[in-house]
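Scroll down for the structure; my scribbles are underneath it.
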Amino acid sequence: MSRLPRWVGGLGSGLIRLAERLDAHKAAAGPAPGPTPAPEPVPTPSSVHAPDPATQPAAEPEHVPPPPAYAPAVAARQDPVAAVPWGVRVAAEVSWRLLVLAGTLWVLMRVISAVRLVVLAFVAGLLITALLQPTVALLRRRGVPRGLATAMTFISGFVVMGLVGWFVVWQVTENLDDLSRQVQHGISELKRWLLNSPFHVTESQINNIADKLSEAIGTNTKDITTAGIEGVQVIIEVLTGILLAMFSTLFLLYDGPKIWQWLLKLVPTGAREGVAGAGPRAWATLTAYVRGTVIVALIDAIFIGIGLFFLEVPMYVPLAVFIFLFAFIPLVGAVVSGALAVVVALVTRDVFTAMMVLLVVLAVQQIEGHVLQPFILGRAVRVHPLAVVLSVAAGSMIAGIGGAVVAVPLVAVTNTVVGYLRAYAKDQATRAVLEVSTGETAAVKGPPPSPRA
């Protein structure tokens, strides 16, 4: 029994040596053809406690194969913005911006209508200041103190305007009786001329028209009385507006630069430089417009008044003053004042005199439109006639006669401001491009060499 374990141990040792020899022989002969099985992983402490891969979700493949050829093609859903045509998108963008602007203008017009008296009084004071400010500047250059120069200009200016108004009222009241007699005589002459005219107007038709006018006046007595009461209210509002305009003119003449500096502080910082440059140009345009309009209106009044004097039209001086005042309403004022002069000549003189007055008015207006306005006003305040007509119509609809007076200077100033801001923005863009290009060149070239010691 003692020999059996030694025999078994010798057999095992022989088998081990045989296996080693077979392995050495395979290693010397090279790997056999065919797939080589991967070695089983050696268990590690971490893998012992790792979760079972069968219980985990399968990993997503790195590449998704395309669908088969027989599958129907499904188009991707287009972006809604890209589905809208380009022209419709542009129209929509423009439309909502226009709606915002229209709403803003509507609110602004409502506010202006609510405080129309204050706005018109301030604008009137601004126009009078534009007319009187050069006088204050002249006195300041002569060494007169600001307060004294402002007081002298303010008092003299409003005294002159008050004297002009008093003269017109005095002339009308002095010649009212004579004018009424001449009007009655003129109506009789007009009636006689219509009866003998080729229009075949009969006396019964003329009497019928006169009776209808008398009946209309008799039935509308209540309305006329109401209009008279409203006229008193209008007179009170006019006096209040005059006082407000006087105070506005006084403070604008004295503290105009300080008021402008205070207004600039309300403007955002980014736009303050452009507004600061546009303000003096707008004021220069307004000053040129007011002074040019006064000169043109004075020339019109003088020449048409001389024509009325030689044609022996009564009340030629008040008519000339009315022509001067109505000249501040472009186009419309000239037509109304000229028509008034023609009507007065027709009812006080005869048809021939009225035709001659019409020729004088048309001749003076043609000289004004083609010679005086381009020469005196210049290109800085020139506004297209269509813009003048539309602005006067809109101003009269919003604020009556006062709105018609301030409409054209407002358009002229707006035109100047918009033109300057457009040029300023273009200049700023060009300057930014130059700065960027200069910075890129400096970056390419590098910093300049340091000076030697």
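In the structure tokens, each chain is lettered A, B, ... as it comes, each chain's residues begin at 1, and ligands are numbered from 1 in order of appearance.
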
_Selection: 12 Å around region 153-169 of chain A, only C-alpha atoms, excl. self and same-chain fewer than 2 positions, as JSON, numbers by chain_ = {"A": [125, 128, 129, 130, 131, 132, 133, 134, 135, 136, 137, 138, 139, 140, 144, 146, 147, 148, 149, 150, 151, 171, 172, 173, 174, 175, 176, 242, 243, 245, 246, 247, 248, 249, 250, 251, 252, 253, 254, 315, 316, 317, 318, 319, 320, 321, 322, 323, 324, 325]}

Write to file, as a compact mmCIF listing (two decimals), in the first residue's frame, the residues of the selection just made, with C-alpha atoms.
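What ended up in part_36.txt:
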# COMPACT_ATOMS: atom_id res chain seq x y z
CA GLY A 125 -44.79 133.08 -27.37
CA ILE A 128 -42.71 136.10 -30.87
CA THR A 129 -39.49 135.18 -29.07
CA ALA A 130 -37.95 134.10 -32.38
CA LEU A 131 -38.88 137.52 -33.75
CA LEU A 132 -37.58 139.55 -30.77
CA GLN A 133 -34.55 137.50 -29.70
CA PRO A 134 -32.16 139.03 -32.29
CA THR A 135 -32.90 142.43 -30.76
CA VAL A 136 -31.98 141.14 -27.30
CA ALA A 137 -28.77 139.65 -28.70
CA LEU A 138 -27.93 142.99 -30.37
CA LEU A 139 -28.44 144.91 -27.14
CA ARG A 140 -26.33 142.37 -25.24
CA VAL A 144 -26.70 146.27 -22.10
CA ARG A 146 -29.58 140.89 -19.88
CA GLY A 147 -32.51 141.99 -17.72
CA LEU A 148 -32.62 145.51 -19.15
CA ALA A 149 -32.24 144.26 -22.74
CA THR A 150 -35.07 141.76 -22.21
CA ALA A 151 -37.35 144.38 -20.64
CA GLN A 171 -60.06 152.56 -38.43
CA VAL A 172 -62.92 150.05 -38.62
CA THR A 173 -65.07 151.88 -36.05
CA GLU A 174 -64.37 155.30 -37.61
CA ASN A 175 -65.34 154.16 -41.09
CA LEU A 176 -68.18 151.83 -40.10
CA ILE A 242 -52.49 136.67 -24.94
CA LEU A 243 -51.46 136.89 -21.29
CA ALA A 245 -48.09 134.25 -24.59
CA MET A 246 -46.71 137.42 -23.02
CA PHE A 247 -45.40 135.57 -19.95
CA SER A 248 -43.94 132.81 -22.14
CA THR A 249 -42.18 135.39 -24.31
CA LEU A 250 -40.75 137.21 -21.30
CA PHE A 251 -39.23 134.10 -19.73
CA LEU A 252 -38.02 132.69 -23.04
CA LEU A 253 -36.23 135.94 -23.82
CA TYR A 254 -34.58 136.07 -20.41
CA MET A 315 -60.70 151.36 -45.59
CA TYR A 316 -57.54 150.56 -47.50
CA VAL A 317 -55.39 150.89 -44.35
CA PRO A 318 -57.34 148.30 -42.27
CA LEU A 319 -57.42 146.03 -45.32
CA ALA A 320 -53.64 146.32 -45.63
CA VAL A 321 -53.27 145.42 -41.94
CA PHE A 322 -55.55 142.41 -42.43
CA ILE A 323 -53.41 141.33 -45.39
CA PHE A 324 -50.32 141.59 -43.18
CA LEU A 325 -51.87 139.46 -40.43

*Just how far from CA of Val361 (chain A) is CA of Arg291 (chain A), in Å to one decimal?*
22.2 Å

*Would you kindly return, as a ChimeraX atom specification, each protein, DNA or RNA residue with an atom no farther than 12 Å from any atom of region 357-360 of chain A, considering only C-alpha atoms and excluding same-chain residues fewer than 6 positions away?*
/A:300-313,316,319,334-335,337-346,349-351,366-367

*Mind giving me the straight-line distance from CA of Ala399 (chain A) to CA of Phe122 (chain A) in Å, one decimal?*
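CA of Phe122 (chain A) lies 13.5 Å from CA of Ala399 (chain A).
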
*Distance in Å - CA of Ile398 (chain A) versus CA of Arg110 (chain A)*: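 Calculated distance between CA of Ile398 (chain A) and CA of Arg110 (chain A) is 9.6 Å.
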
*asked:* Applying 9 Å and only C-alpha atoms, which residues near Ile329 (chain A) remain after dropping the ones on its own chain fewer than 3 positions away? List them as a ChimeraX atom specification.
replied: /A:325-326,332-334,392,401,404-408

With C-alpha atoms retained, could you export that selection as a PDB file, in the first residue's frame?
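After the write, out.pdb holds the following:
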ATOM      1  CA  LEU A 325     -51.871 139.460 -40.427  1.00  0.00           C
ATOM      2  CA  PHE A 326     -53.325 136.821 -42.749  1.00  0.00           C
ATOM      3  CA  VAL A 332     -54.782 130.128 -47.303  1.00  0.00           C
ATOM      4  CA  GLY A 333     -54.232 133.514 -45.638  1.00  0.00           C
ATOM      5  CA  ALA A 334     -53.286 135.177 -48.924  1.00  0.00           C
ATOM      6  CA  VAL A 392     -52.384 124.058 -42.775  1.00  0.00           C
ATOM      7  CA  ILE A 401     -56.773 129.508 -36.939  1.00  0.00           C
ATOM      8  CA  ALA A 404     -53.083 126.894 -39.169  1.00  0.00           C
ATOM      9  CA  VAL A 405     -50.609 129.609 -38.133  1.00  0.00           C
ATOM     10  CA  VAL A 406     -48.194 127.287 -36.306  1.00  0.00           C
ATOM     11  CA  ALA A 407     -48.487 124.314 -38.689  1.00  0.00           C
ATOM     12  CA  VAL A 408     -45.991 125.446 -41.341  1.00  0.00           C
TER      13      VAL A 408
END

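When only C-alpha atoms are used to compute distances to Met397 (chain A), the closest of the residues A:Ser113, A:Met356, A:Thr287, A:Arg142 turns out to be A:Ser113.
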
*Restricting the calculation to only C-alpha atoms, which member of A:Gly274, A:Gly403, A:Gly369, A:Pro314 is positioned closest to Lys426 (chain A)?*
A:Gly274

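Each of A:Trp96, A:Trp193, A:Phe328, A:Trp86 was checked against Tyr289 (chain A) using only C-alpha atoms; the smallest atom-to-atom distance is that of A:Phe328.
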